[in-house]
$ cat entry-v9.cif   # mmCIF, C-alpha atoms (C1' of nucleotides)
data_coords
loop_
_atom_site.label_atom_id
_atom_site.label_comp_id
_atom_site.auth_asym_id
_atom_site.auth_seq_id
_atom_site.Cartn_x
_atom_site.Cartn_y
_atom_site.Cartn_z
CA MET A 284 -13.59 68.16 15.29
CA ARG A 285 -13.99 64.60 16.45
CA PRO A 286 -11.19 63.73 18.84
CA TYR A 287 -10.71 60.38 20.50
CA SER A 288 -11.64 58.38 17.45
CA ALA A 289 -11.10 55.13 19.30
CA TYR A 290 -14.32 56.11 21.05
CA ASP A 291 -16.38 57.16 18.13
CA SER A 292 -19.51 55.16 18.23
CA ASP A 293 -18.79 53.31 15.04
CA THR A 294 -15.44 51.96 16.14
CA CYS A 295 -15.53 51.83 19.93
CA SER A 296 -16.02 48.33 21.29
CA ILE A 297 -18.15 49.65 24.11
CA ALA A 298 -20.44 51.46 21.71
CA ARG A 299 -20.67 48.48 19.38
CA THR A 300 -21.55 46.12 22.17
CA LEU A 301 -24.08 48.56 23.55
CA ALA A 302 -25.68 48.80 20.13
CA LEU A 303 -26.31 45.07 20.34
CA VAL A 304 -27.41 44.60 23.93
CA GLY A 305 -27.70 48.11 25.34
CA ASP A 306 -31.42 48.66 25.39
CA ARG A 307 -33.85 48.48 28.22
CA TRP A 308 -34.58 44.76 28.05
CA THR A 309 -31.86 42.78 26.36
CA LEU A 310 -29.53 42.38 29.31
CA LEU A 311 -32.44 41.38 31.50
CA VAL A 312 -33.48 38.79 28.95
CA LEU A 313 -29.94 37.47 28.89
CA ARG A 314 -29.85 37.41 32.67
CA ASP A 315 -32.91 35.21 32.73
CA VAL A 316 -31.62 32.95 29.98
CA VAL A 317 -28.34 32.55 31.87
CA ASN A 318 -30.45 31.58 34.80
CA GLY A 319 -32.19 28.85 32.88
CA VAL A 320 -35.39 30.71 32.13
CA GLY A 321 -35.53 29.64 28.53
CA ARG A 322 -39.12 29.38 27.39
CA PHE A 323 -40.90 32.22 25.72
CA ASP A 324 -43.87 32.40 28.03
CA GLU A 325 -41.69 31.99 31.07
CA LEU A 326 -39.58 34.93 29.99
CA ALA A 327 -42.57 37.08 29.13
CA GLY A 328 -44.21 36.31 32.45
CA HIS A 329 -41.16 36.76 34.58
CA LEU A 330 -39.88 39.94 32.98
CA GLY A 331 -43.22 41.61 32.39
CA ILE A 332 -42.09 42.46 28.89
CA ALA A 333 -44.55 42.76 26.02
CA ARG A 334 -44.55 39.68 23.87
CA ASN A 335 -43.72 41.41 20.63
CA ILE A 336 -40.77 43.16 22.22
CA LEU A 337 -39.50 39.89 23.66
CA SER A 338 -39.96 38.26 20.30
CA GLY A 339 -37.92 40.96 18.62
CA ARG A 340 -35.14 40.84 21.20
CA LEU A 341 -34.84 37.08 21.02
CA ALA A 342 -34.71 37.24 17.23
CA ARG A 343 -31.94 39.79 17.36
CA LEU A 344 -29.99 37.80 19.90
CA GLU A 345 -30.41 34.65 17.87
CA GLN A 346 -29.30 36.38 14.71
CA ALA A 347 -26.27 37.77 16.46
CA GLY A 348 -25.42 34.27 17.61
CA LEU A 349 -25.79 34.97 21.31
CA VAL A 350 -28.66 32.61 21.97
CA GLU A 351 -29.96 29.59 20.14
CA ARG A 352 -33.40 28.11 20.00
CA THR A 353 -33.39 24.44 20.72
CA ALA A 354 -36.32 22.12 20.36
CA TYR A 355 -36.85 19.49 22.97
CA ARG A 356 -39.56 17.10 23.84
CA GLU A 357 -40.26 15.65 27.19
CA PRO A 358 -41.70 12.15 26.94
CA GLY A 359 -45.42 12.28 26.40
CA ALA A 360 -45.38 16.02 25.85
CA ARG A 361 -45.30 17.86 22.63
CA GLU A 362 -42.32 19.68 21.32
CA ARG A 363 -41.14 22.78 23.12
CA HIS A 364 -38.52 25.33 22.38
CA ALA A 365 -36.06 26.81 24.76
CA TYR A 366 -33.54 29.54 24.33
CA ARG A 367 -30.11 29.10 25.74
CA LEU A 368 -26.82 30.85 25.47
CA THR A 369 -24.29 30.01 22.81
CA GLY A 370 -20.56 30.27 23.46
CA PRO A 371 -20.34 33.95 22.56
CA GLY A 372 -23.46 34.53 24.62
CA ARG A 373 -21.88 32.96 27.67
CA GLU A 374 -19.00 35.35 27.25
CA LEU A 375 -21.42 38.15 28.07
CA VAL A 376 -21.70 36.86 31.61
CA PRO A 377 -18.89 39.10 32.88
CA ILE A 378 -20.94 42.10 31.80
CA LEU A 379 -23.85 40.88 33.87
CA LEU A 380 -21.59 40.17 36.80
CA ALA A 381 -20.05 43.61 36.57
CA PHE A 382 -23.51 45.15 36.80
CA MET A 383 -24.35 42.84 39.63
CA ALA A 384 -21.21 43.64 41.57
CA TRP A 385 -21.83 47.36 41.34
CA GLY A 386 -25.46 47.02 42.31
CA ASP A 387 -24.58 44.78 45.23
CA ARG A 388 -22.14 47.39 46.48
CA HIS A 389 -24.18 50.51 45.94
CA LEU A 390 -27.84 49.68 45.61
CA ALA A 391 -28.47 46.65 47.78
CA GLY A 392 -30.52 46.88 50.95
CA PRO A 393 -29.06 46.40 54.40
CA GLU A 394 -29.63 42.65 54.32
CA GLY A 395 -27.07 42.19 51.61
CA PRO A 396 -27.05 41.16 47.99
CA PRO A 397 -30.20 39.60 46.58
CA ALA A 398 -28.27 36.86 44.83
CA VAL A 399 -24.95 35.11 45.00
CA VAL A 400 -23.04 33.58 42.11
CA ARG A 401 -20.82 30.60 42.76
CA HIS A 402 -18.31 28.61 40.79
CA ALA A 403 -20.20 25.47 39.85
CA ASP A 404 -17.11 23.30 40.23
CA CYS A 405 -16.07 24.34 43.72
CA GLY A 406 -18.99 26.24 45.22
CA ALA A 407 -16.99 29.33 46.11
CA PRO A 408 -18.44 32.74 45.34
CA VAL A 409 -17.27 34.39 42.15
CA LYS A 410 -15.65 37.80 41.97
CA ILE A 411 -15.04 39.95 38.96
CA SER A 412 -11.77 41.76 39.05
CA LEU A 413 -9.27 43.74 37.08
CA ALA A 414 -5.68 42.76 36.80
CA CYS A 415 -2.89 44.05 34.63
CA ALA A 416 -0.72 41.78 32.53
CA ASP A 417 2.14 42.26 34.99
CA GLY A 418 0.05 40.52 37.60
CA HIS A 419 -0.89 43.50 39.73
CA GLU A 420 -4.31 43.13 41.17
CA LEU A 421 -6.23 46.35 40.58
CA GLY A 422 -8.67 47.56 43.20
CA PRO A 423 -12.21 48.76 42.61
CA ARG A 424 -11.03 52.22 41.60
CA PRO A 425 -8.04 51.53 39.45
CA ARG A 426 -5.79 54.12 37.87
CA LEU A 427 -6.00 53.55 34.14
CA THR A 428 -4.87 55.10 30.91
CA VAL A 429 -6.51 54.60 27.55
CA GLU A 430 -4.83 54.85 24.20
CA PRO A 431 -5.72 54.05 20.60
CA GLY A 432 -5.25 50.43 19.67
CA PRO A 433 -4.42 48.78 16.34
CA GLY A 434 -8.04 48.96 15.19
CA SER A 435 -8.27 52.68 15.82
CA ARG A 436 -9.13 54.93 12.95
CA GLU A 437 -7.17 57.75 14.41
CA ARG A 438 -5.80 59.76 11.57
CA VAL A 439 -2.10 60.20 11.12
CA PRO A 440 -1.46 63.92 11.61
CA ALA A 441 -1.47 65.69 8.27
CA ARG A 442 2.03 66.64 7.19
CA MET B 276 -46.36 33.22 39.65
CA ARG B 277 -43.15 35.10 40.00
CA PRO B 278 -40.29 32.69 40.52
CA TYR B 279 -36.65 33.64 40.95
CA SER B 280 -37.41 36.63 43.10
CA ALA B 281 -33.71 37.41 43.45
CA TYR B 282 -34.07 38.52 39.84
CA ASP B 283 -37.24 40.47 40.05
CA SER B 284 -36.54 43.87 38.72
CA ASP B 285 -37.10 45.59 42.02
CA THR B 286 -34.55 43.57 43.94
CA CYS B 287 -32.03 42.30 41.39
CA SER B 288 -28.76 44.20 41.45
CA ILE B 289 -28.43 43.92 37.70
CA ALA B 290 -31.87 45.40 37.16
CA ARG B 291 -31.28 48.16 39.66
CA THR B 292 -28.00 49.15 38.10
CA LEU B 293 -29.52 49.04 34.65
CA ALA B 294 -32.30 51.31 35.82
CA LEU B 295 -29.64 53.87 36.65
CA VAL B 296 -27.27 53.60 33.69
CA GLY B 297 -28.99 51.25 31.28
CA ASP B 298 -30.29 53.60 28.65
CA ARG B 299 -28.94 54.42 25.25
CA TRP B 300 -26.57 57.19 26.30
CA THR B 301 -25.52 56.99 29.91
CA LEU B 302 -22.74 54.46 29.58
CA LEU B 303 -21.34 56.34 26.61
CA VAL B 304 -21.40 59.55 28.62
CA LEU B 305 -19.58 57.78 31.42
CA ARG B 306 -17.07 56.36 28.98
CA ASP B 307 -16.24 59.84 27.79
CA VAL B 308 -16.05 61.25 31.29
CA VAL B 309 -13.71 58.42 32.29
CA ASN B 310 -11.65 59.44 29.32
CA GLY B 311 -11.36 62.99 30.51
CA VAL B 312 -14.03 64.51 28.29
CA GLY B 313 -15.63 66.55 31.00
CA ARG B 314 -17.08 69.73 29.56
CA PHE B 315 -20.67 69.98 28.47
CA ASP B 316 -20.09 71.16 24.94
CA GLU B 317 -17.27 68.72 24.46
CA LEU B 318 -19.53 65.84 25.45
CA ALA B 319 -22.39 67.06 23.30
CA GLY B 320 -20.12 67.47 20.30
CA HIS B 321 -18.28 64.22 20.68
CA LEU B 322 -21.26 62.01 21.38
CA GLY B 323 -23.68 63.66 19.02
CA ILE B 324 -26.28 63.63 21.78
CA ALA B 325 -28.96 66.29 21.99
CA ARG B 326 -28.10 68.89 24.59
CA ASN B 327 -31.25 68.48 26.61
CA ILE B 328 -30.74 64.74 26.80
CA LEU B 329 -27.15 65.21 27.88
CA SER B 330 -28.27 67.70 30.46
CA GLY B 331 -30.76 65.24 31.87
CA ARG B 332 -28.32 62.38 31.97
CA LEU B 333 -25.66 64.42 33.70
CA ALA B 334 -28.17 65.63 36.24
CA ARG B 335 -29.22 62.09 36.99
CA LEU B 336 -25.65 60.91 37.29
CA GLU B 337 -24.81 63.81 39.55
CA GLN B 338 -27.82 63.17 41.74
CA ALA B 339 -26.88 59.52 42.00
CA GLY B 340 -23.41 60.56 43.09
CA LEU B 341 -21.61 59.06 40.11
CA VAL B 342 -20.24 62.28 38.70
CA GLU B 343 -19.61 65.67 40.20
CA ARG B 344 -19.56 69.08 38.64
CA THR B 345 -16.47 71.02 39.48
CA ALA B 346 -15.83 74.63 38.68
CA TYR B 347 -12.39 75.66 37.63
CA ARG B 348 -10.79 78.72 36.19
CA GLU B 349 -7.77 78.86 33.99
CA PRO B 350 -5.75 82.01 34.57
CA GLY B 351 -7.22 84.90 32.61
CA ALA B 352 -10.24 82.89 31.55
CA ARG B 353 -13.62 82.84 33.06
CA GLU B 354 -14.99 80.06 35.17
CA ARG B 355 -15.75 76.75 33.55
CA HIS B 356 -17.37 73.57 34.72
CA ALA B 357 -16.24 70.04 34.18
CA TYR B 358 -17.77 66.73 35.12
CA ARG B 359 -15.65 64.02 36.54
CA LEU B 360 -16.24 60.70 38.19
CA THR B 361 -16.70 60.32 41.89
CA GLY B 362 -15.49 57.26 43.75
CA PRO B 363 -18.67 55.27 43.14
CA GLY B 364 -18.55 56.41 39.54
CA ARG B 365 -15.06 55.06 39.09
CA GLU B 366 -16.32 51.74 40.34
CA LEU B 367 -18.42 51.53 37.21
CA VAL B 368 -15.28 51.20 35.13
CA PRO B 369 -15.36 47.39 35.26
CA ILE B 370 -18.74 47.50 33.55
CA LEU B 371 -17.27 49.55 30.74
CA LEU B 372 -14.28 47.24 30.51
CA ALA B 373 -16.52 44.20 30.38
CA PHE B 374 -18.37 45.70 27.41
CA MET B 375 -15.08 46.62 25.84
CA ALA B 376 -13.62 43.15 26.27
CA TRP B 377 -16.61 41.51 24.64
CA GLY B 378 -16.66 43.96 21.77
CA ASP B 379 -12.95 43.55 21.23
CA ARG B 380 -13.39 39.80 21.00
CA HIS B 381 -16.50 39.65 18.90
CA LEU B 382 -17.06 42.89 17.06
CA ALA B 383 -13.62 44.32 16.32
CA GLY B 384 -12.29 44.47 12.80
CA PRO B 385 -9.32 42.44 11.62
CA GLU B 386 -6.82 45.09 12.68
CA GLY B 387 -7.60 44.50 16.32
CA PRO B 388 -9.18 46.44 19.12
CA PRO B 389 -9.75 50.15 18.63
CA ALA B 390 -8.42 51.03 22.05
CA VAL B 391 -6.20 49.59 24.73
CA VAL B 392 -6.48 50.19 28.46
CA ARG B 393 -3.35 50.10 30.56
CA HIS B 394 -2.55 50.17 34.22
CA ALA B 395 -1.38 53.73 34.80
CA ASP B 396 1.22 52.63 37.35
CA CYS B 397 2.98 49.99 35.29
CA GLY B 398 1.84 50.42 31.71
CA ALA B 399 0.71 46.85 31.26
CA PRO B 400 -2.64 46.16 29.56
CA VAL B 401 -5.56 45.52 31.84
CA LYS B 402 -7.72 42.42 31.74
CA ILE B 403 -11.05 41.84 33.33
CA SER B 404 -11.51 38.37 34.68
CA LEU B 405 -13.57 36.16 36.91
CA ALA B 406 -12.10 34.26 39.77
CA CYS B 407 -13.71 32.31 42.55
CA ALA B 408 -12.88 32.86 46.19
CA ASP B 409 -10.91 29.61 46.24
CA GLY B 410 -8.49 31.16 43.78
CA HIS B 411 -9.52 29.28 40.66
CA GLU B 412 -9.20 31.44 37.62
CA LEU B 413 -12.40 31.13 35.59
CA GLY B 414 -12.20 31.19 31.83
CA PRO B 415 -14.34 33.28 29.50
CA ARG B 416 -17.20 30.77 29.66
CA PRO B 417 -17.31 29.80 33.29
CA ARG B 418 -19.63 27.26 34.83
CA LEU B 419 -21.69 29.13 37.38
CA THR B 420 -24.59 28.63 39.69
CA VAL B 421 -26.81 31.34 41.07
CA GLU B 422 -28.70 31.23 44.29
CA PRO B 423 -30.69 33.66 46.41
CA GLY B 424 -28.56 35.80 48.69
CA PRO B 425 -29.32 37.38 52.05
CA GLY B 426 -31.13 40.30 50.43
CA SER B 427 -33.46 38.06 48.47
CA ARG B 428 -37.15 38.33 48.98
CA GLU B 429 -37.66 34.75 48.06
CA ARG B 430 -40.64 33.40 49.85
CA VAL B 431 -40.47 30.10 51.59
CA PRO B 432 -42.38 27.76 49.31
CA ALA B 433 -45.98 27.45 50.44
CA ARG B 434 -47.09 23.91 51.06
"C1'" DG C 55 -21.81 101.87 29.15
"C1'" DC C 56 -23.21 99.05 25.45
"C1'" DT C 57 -22.66 95.20 22.61
"C1'" DT C 58 -20.93 90.80 21.57
"C1'" DC C 59 -19.05 86.29 22.48
"C1'" DT C 60 -18.93 81.81 24.59
"C1'" DA C 61 -20.10 78.10 27.89
"C1'" DA C 62 -23.53 75.86 29.84
"C1'" DG C 63 -27.36 74.93 30.01
"C1'" DT C 64 -33.21 75.26 29.61
"C1'" DT C 65 -37.51 75.44 27.07
"C1'" DT C 66 -40.53 74.29 23.57
"C1'" DC C 67 -42.47 71.53 20.43
"C1'" DA C 68 -42.24 68.05 16.82
"C1'" DA C 69 -40.74 63.39 15.37
"C1'" DA C 70 -39.35 58.81 16.13
"C1'" DA C 71 -38.99 54.75 18.71
"C1'" DA C 72 -40.49 51.71 22.16
"C1'" DA C 73 -43.84 49.65 24.67
"C1'" DC C 74 -48.32 47.71 25.44
"C1'" DA C 75 -52.87 45.26 25.07
"C1'" DA C 76 -55.61 42.61 22.53
"C1'" DC C 77 -56.52 39.72 19.18
"C1'" DC C 78 -55.01 36.37 15.34
"C1'" DT C 79 -52.55 32.20 13.51
"C1'" DA C 80 -50.23 27.73 12.87
"C1'" DG C 81 -48.80 23.35 14.43
"C1'" DC C 82 -49.08 19.67 17.23
"C1'" DA C 83 -51.13 16.66 20.90
"C1'" DT C 84 -54.94 14.56 22.96
"C1'" DA D 148 -62.69 19.18 17.69
"C1'" DT D 149 -60.25 21.50 21.31
"C1'" DG D 150 -56.64 23.46 23.65
"C1'" DC D 151 -51.83 24.65 24.40
"C1'" DT D 152 -47.46 26.79 23.04
"C1'" DA D 153 -45.08 30.07 20.53
"C1'" DG D 154 -45.25 33.38 18.45
"C1'" DG D 155 -47.14 37.40 14.73
"C1'" DT D 156 -50.13 41.52 13.73
"C1'" DT D 157 -52.53 45.61 14.54
"C1'" DG D 158 -53.62 49.83 16.53
"C1'" DT D 159 -52.81 52.87 20.31
"C1'" DT D 160 -50.27 55.00 24.05
"C1'" DT D 161 -46.13 56.33 26.30
"C1'" DT D 162 -41.47 57.45 26.37
"C1'" DT D 163 -37.36 59.04 24.24
"C1'" DT D 164 -35.07 61.66 21.40
"C1'" DG D 165 -33.98 65.54 18.72
"C1'" DA D 166 -33.54 70.39 16.57
"C1'" DA D 167 -33.69 74.88 17.36
"C1'" DA D 168 -34.56 78.91 19.82
"C1'" DC D 169 -33.98 81.08 24.20
"C1'" DT D 170 -31.56 82.20 28.79
"C1'" DT D 171 -27.95 83.51 31.91
"C1'" DA D 172 -23.55 85.01 33.39
"C1'" DG D 173 -19.00 86.48 33.04
"C1'" DA D 174 -15.38 88.33 29.94
"C1'" DA D 175 -13.93 91.04 26.36
"C1'" DG D 176 -14.13 94.53 22.78
"C1'" DC D 177 -15.37 99.26 21.43
#

$ encode --input "entry-v9.cif" --output "structure tokens"
Amino acid sequence: MRPYSAYDSDTCSIARTLALVGDRWTLLVLRDVVNGVGRFDELAGHLGIARNILSGRLARLEQAGLVERTAYREPGARERHAYRLTGPGRELVPILLAFMAWGDRHLAGPEGPPAVVRHADCGAPVKISLACADGHELGPRPRLTVEPGPGSRERVPAR
Amino acid sequence: MRPYSAYDSDTCSIARTLALVGDRWTLLVLRDVVNGVGRFDELAGHLGIARNILSGRLARLEQAGLVERTAYREPGARERHAYRLTGPGRELVPILLAFMAWGDRHLAGPEGPPAVVRHADCGAPVKISLACADGHELGPRPRLTVEPGPGSRERVPAR
DNA sequence: GCTTCTAAGTTTCAAAAAACAACCTAGCAT
DNA sequence: ATGCTAGGTTGTTTTTTGAAACTTAGAAGC
């Protein structure tokens, strides 16, 4: 018996996304790339990740279209490559901010959060929040229901 | 050289949160618990996770205060245990919804998302979104800046 | 009273995956 | 020729994961 087919690992959006970025390093790599750490050696040094692992993760992210490798050349220097987020990659930022928000609330030291994210256009801090389509703002512990959506493989009950 | 100390793995809120729930199974376990799958054998069967691994994950989550084990007894039956989210655990829901939103947008089949989350009080679908403190709604690819916060260990630059 | 059943794990041990260190390579710049 | 950057390769170690047997406790059947 496999109930809740909307959450089977082959259809669930959470499971699918985790299969792509849900290992020990990928989200940290993306965090650094978001932050402008784009060169291979910079990433390897900053993260303390083995170079072959980093190489593999970057290749997977590039293949999935989340990052792109761009060549650039500063005048008088030879060509370099940097990784940066693509559009779909930038859409992962809310995931990172959701992790950050939880960690700030529950794992930060008494001095406060180790980093602050601001809206580049206005300088105000950024919050991640849930809201329903009717406009109700949902608090940090919202009351939710989940049901199968159109892409669910839930079987029609046998008649 | 270790720049960007707000993102070193020992202080960064993202890294700390990932250290707690960032392995292959934990977020899927939490997803199921959120969804009311609370009994050990139910979880093991639904996820296809080895029982010892599940046992370890649940123990870690319980110790971290994200889930609690509650005993209950249906009339005429013997005592059972179920896991359910604590308050801090429920605050992880935005992380799950952020994964879900990205997967719905980028990995769902043509029929649409496999599941839909609604506000239990009003029935409207729930969206996760970024907004800055000045009230600007930020789109899916917001322009952001990151800077060290009060809990940062960033050293004053030596010079 | 003895046996059996089920839930909820625990233990043991083997297999697979991930991670790491160290060295190797290719291209370009000087 | 030499050195730097960005990786790739190789061999080993560590960590995770898994399958299956075992445990424990209460309930139920005989």

$ residues_around --input "entry-v9.cif" --residues "stretch 414-419 of chain B" --least-positions-apart "3" --cutoff "7 Å" --atoms "all atoms listed in the file" --output "VMD selection string"
chain A and resid 373 to 374 400 to 403

$ write_last_selection --input "entry-v9.cif" --atoms "C-alpha atoms" --output "short mmCIF file (atom, residue, chain, number, x, y, z; two decimals), in the coordinates of the input"
data_model
loop_
_atom_site.label_atom_id
_atom_site.label_comp_id
_atom_site.auth_asym_id
_atom_site.auth_seq_id
_atom_site.Cartn_x
_atom_site.Cartn_y
_atom_site.Cartn_z
CA ARG A 373 -21.88 32.96 27.67
CA GLU A 374 -19.00 35.35 27.25
CA VAL A 400 -23.04 33.58 42.11
CA ARG A 401 -20.82 30.60 42.76
CA HIS A 402 -18.31 28.61 40.79
CA ALA A 403 -20.20 25.47 39.85
#

$ residues_around --input "entry-v9.cif" --residues "B:Thr345" --least-positions-apart "5" --cutoff "7 Å" --atoms "all atoms listed in the file" --output "PyMOL selection string"
chain B and resi 356-358

$ residues_near_point --input "entry-v9.cif" --point "(-26.8, 38.6, 46.9)" --cutoff "10 Å" --atoms "only C-alpha atoms (C1' of nucleotides)" --output "list of chain:residue names"
A:Met383, A:Ala384, A:Gly386, A:Asp387, A:Arg388, A:Ala391, A:Gly392, A:Glu394, A:Gly395, A:Pro396, A:Pro397, A:Ala398, A:Val399, A:Val400, B:Ala281, B:Thr286, B:Cys287, B:Ser288, B:Val421, B:Glu422, B:Pro423, B:Gly424, B:Pro425, B:Gly426, B:Ser427

$ resolve_selection --input "entry-v9.cif" --expression "the PyMOL selection byres ((chain B) within 8 of (chain D))" --output "list in words"
Ala325, Ile328, Ala352, Arg353 and Glu354 of chain B

$ residues_near_point --input "entry-v9.cif" --point "(-15.7, 53.1, 31.0)" --cutoff "8 Å" --atoms "all atoms listed in the file" --output "mmCIF file with C-alpha atoms, in the coordinates of the input"
data_model
loop_
_atom_site.group_PDB
_atom_site.id
_atom_site.type_symbol
_atom_site.label_atom_id
_atom_site.label_comp_id
_atom_site.auth_asym_id
_atom_site.auth_seq_id
_atom_site.Cartn_x
_atom_site.Cartn_y
_atom_site.Cartn_z
ATOM 1 C CA LEU B 302 -22.740 54.460 29.580
ATOM 2 C CA LEU B 303 -21.340 56.340 26.610
ATOM 3 C CA LEU B 305 -19.580 57.780 31.420
ATOM 4 C CA ARG B 306 -17.070 56.360 28.980
ATOM 5 C CA ASP B 307 -16.240 59.840 27.790
ATOM 6 C CA VAL B 309 -13.710 58.420 32.290
ATOM 7 C CA ASN B 310 -11.650 59.440 29.320
ATOM 8 C CA LEU B 367 -18.420 51.530 37.210
ATOM 9 C CA VAL B 368 -15.280 51.200 35.130
ATOM 10 C CA PRO B 369 -15.360 47.390 35.260
ATOM 11 C CA ILE B 370 -18.740 47.500 33.550
ATOM 12 C CA LEU B 371 -17.270 49.550 30.740
ATOM 13 C CA LEU B 372 -14.280 47.240 30.510
#

$ calpha_fit_rmsd --input "entry-v9.cif" --fixed "chain A" --moving "chain B"
0.5 Å
